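Engineer: Take a look at this one; I'll ask things after.
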Amino acid sequence: MTEQSPNEQISILDIPFENTDMASFEGLLQQRINDHANTFVVTANPEIVMYAREHRLYKQLLTSADFVVADGIGIVLGAKLLKQPLAERITGYDLFTRLLSWGSDNLKSAYFVGAKTEVINQLKQVVHEKYPGLTIAGTHNGYFGDDRNIVADIERTHPDMVFVATGYPKQEEFIAKNRHAADALWMGLGGSFDVLTGTVKRAPQSWQNMHLEWLYRALKEPSRFSRLAILPKYLLAVTKQRFTKS
């Protein structure tokens, strides 16, 4: 984790989360983009934290990022359990779309890596329509082995922002390995490209307000219920952390 972070950090199972709100964090990233500061942002949920507990190299990768923010409501609950509440949940998708809007207003450029070919093609059209001032430096689907051509293209186009939506751990591994290719904002975004294009429907605002997006997704995609089993294990581990340190 960078020593440049201006925010208080809250450690949840040894992952240091930024204790900040969306507006402040977005402003910080905008300034870093304007300054061409190489920046690696992780948007983490309990699944990512628990995966890091079982995979030492991935955990080292997360702690080497410049910023880790609480994407999942489970992270917010974990901070409350530790009696160190976070200022706000910072969802990766909302941060993504806000940066796209700002990038459009300020004539920035972005490179997009992830999703299926048909989705990434649709993404180009959506970005052109919704964010006309943003230059699409390049795109590539998320199905690749050798990443050298992608990295060479990023190095050639030198975008202001690089968004990687291949899911963890692949997206963070790709960023950590290749962020040298451009002094840009690098951020992993899971399934955000699918949501932006409407391929996957986001939960209605009422569900978002109740922090039940995870349940909405599971009801729409029953296969996701098996992934929810990690949440009680995560909360138990956080509870043990609280009493171990108390």
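Convention: chains lettered A, B, ... in structure tokens order; per-chain residue numbering from 1; ligands numbered from 1 as shown.
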Need to verify the contact set: A:Gly198, 10 Å, only C-alpha atoms, exclusion of same-chain residues closer than 3 positions in sequence. Can you return it as a VMD selection string?

Structural biologist: chain A and resid 119 122 to 123 126 192 to 195 201 to 202

Engineer: Residues of stretch 81-111 of chain A within 10 Å of stretch 148-160 of chain A: nearest atom pair and distance (Å, one decimal) for each, counting only C-alpha atoms, sorted by chain and number, as a Markdown table?

Structural biologist:
```
| residue | atom | partner | partner_atom | distance |
| --- | --- | --- | --- | --- |
| A:Gly103 | CA | A:Asp160 | CA | 8.7 |
| A:Leu107 | CA | A:Asp160 | CA | 9.9 |
| A:Lys108 | CA | A:Asp160 | CA | 6.2 |
| A:Ser109 | CA | A:Pro159 | CA | 5.1 |
| A:Ala110 | CA | A:Pro159 | CA | 5.2 |
| A:Tyr111 | CA | A:Pro159 | CA | 6.2 |
```

Engineer: Under the rule of at most 9 Å, produce a per-residue listing of stretch 78-195 of chain A near stretch 19-39 of chain A: chain, number, name, the closest pair of atoms, and the distance in Å, as JSON lines, using only C-alpha atoms.

Structural biologist:
```
{"residue": "A:Pro85", "atom": "CA", "partner": "A:Asn19", "partner_atom": "CA", "distance": 8.2}
{"residue": "A:Leu86", "atom": "CA", "partner": "A:Asn19", "partner_atom": "CA", "distance": 5.2}
{"residue": "A:Ala87", "atom": "CA", "partner": "A:Thr20", "partner_atom": "CA", "distance": 5.4}
{"residue": "A:Glu88", "atom": "CA", "partner": "A:Asp21", "partner_atom": "CA", "distance": 5.1}
{"residue": "A:Arg89", "atom": "CA", "partner": "A:Asp21", "partner_atom": "CA", "distance": 7.3}
{"residue": "A:Ile90", "atom": "CA", "partner": "A:Met22", "partner_atom": "CA", "distance": 5.7}
{"residue": "A:Thr91", "atom": "CA", "partner": "A:Met22", "partner_atom": "CA", "distance": 8.5}
{"residue": "A:Asp94", "atom": "CA", "partner": "A:Met22", "partner_atom": "CA", "distance": 8.8}
{"residue": "A:Leu95", "atom": "CA", "partner": "A:Glu26", "partner_atom": "CA", "distance": 7.1}
{"residue": "A:Arg98", "atom": "CA", "partner": "A:Glu26", "partner_atom": "CA", "distance": 7.9}
{"residue": "A:Leu99", "atom": "CA", "partner": "A:Glu26", "partner_atom": "CA", "distance": 7.4}
{"residue": "A:Trp102", "atom": "CA", "partner": "A:Gln30", "partner_atom": "CA", "distance": 8.2}
{"residue": "A:Gly103", "atom": "CA", "partner": "A:Gln30", "partner_atom": "CA", "distance": 8.8}
{"residue": "A:Asp160", "atom": "CA", "partner": "A:Ile33", "partner_atom": "CA", "distance": 6.3}
{"residue": "A:Met161", "atom": "CA", "partner": "A:Ile33", "partner_atom": "CA", "distance": 7.6}
{"residue": "A:Arg179", "atom": "CA", "partner": "A:Asn38", "partner_atom": "CA", "distance": 7.5}
{"residue": "A:His180", "atom": "CA", "partner": "A:Asn38", "partner_atom": "CA", "distance": 7.9}
{"residue": "A:Ala182", "atom": "CA", "partner": "A:Asn38", "partner_atom": "CA", "distance": 7.3}
{"residue": "A:Asp183", "atom": "CA", "partner": "A:Asn38", "partner_atom": "CA", "distance": 4.3}
{"residue": "A:Ala184", "atom": "CA", "partner": "A:Asn38", "partner_atom": "CA", "distance": 4.9}
{"residue": "A:Leu185", "atom": "CA", "partner": "A:Thr39", "partner_atom": "CA", "distance": 4.8}
{"residue": "A:Trp186", "atom": "CA", "partner": "A:Thr39", "partner_atom": "CA", "distance": 5.9}
{"residue": "A:Met187", "atom": "CA", "partner": "A:Thr39", "partner_atom": "CA", "distance": 8.2}
```

Engineer: If DSSP is run on the backbone, what residues of stretch 74-154 of chain A are strand (DSSP E)? A reply as a ChimeraX atom specification would be ideal.

Structural biologist: /A:109-114,135-140

Engineer: Give the helix (DSSP H, G or I) residues of stretch 107-151 of chain A, as assigned by DSSP on the backbone, as a list in words.

Structural biologist: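 Checking each residue of stretch 107-151 of chain A, the helix (DSSP H, G or I) ones are Thr117, Glu118, Val119, Ile120, Asn121, Gln122, Leu123, Lys124, Gln125, Val126, Val127, His128, Glu129, Lys130, Arg148, Asn149, Ile150 and Val151 of chain A.
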
Engineer: I'd like the contact shell of stretch 230-240 of chain A - 9 Å cut-off, only C-alpha atoms, skipping same-chain residues fewer than 4 positions apart - returned as an NGL selection string.

Structural biologist: :A and (12-13 or 46-47 or 49-50 or 74 or 77-79 or 81-82 or 226 or 244-245)

Engineer: Give me the residues near A:Glu173 as a PyMOL selection string, where near means some atom within 8 Å (using only C-alpha atoms) and where sequence neighbours in that chain fewer than 4 positions away do not count.

Structural biologist: chain A and resi 58+61+169+177

Engineer: Could you check which of A:His140, A:Ala165, A:Ala176, A:Glu118 is closest to A:Lys59, using only C-alpha atoms?

Structural biologist: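 Of A:His140, A:Ala165, A:Ala176, A:Glu118, the one nearest A:Lys59, counting only C-alpha atoms, is A:Ala176.
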
Engineer: Which residue is closest to A:Thr166? Choose from A:Asn141, A:Gln125, A:Ala65, A:Leu196 and count only C-alpha atoms.

Structural biologist: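 Under the stated criterion, the closest residue is A:Asn141.
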
Engineer: What does the distance from atom CA of A:Ala70 to atom CA of A:Ile175 come to in Å, to one decimal?

Structural biologist: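 Interatomic distance, atom CA of A:Ala70 to atom CA of A:Ile175: 18.6 Å.
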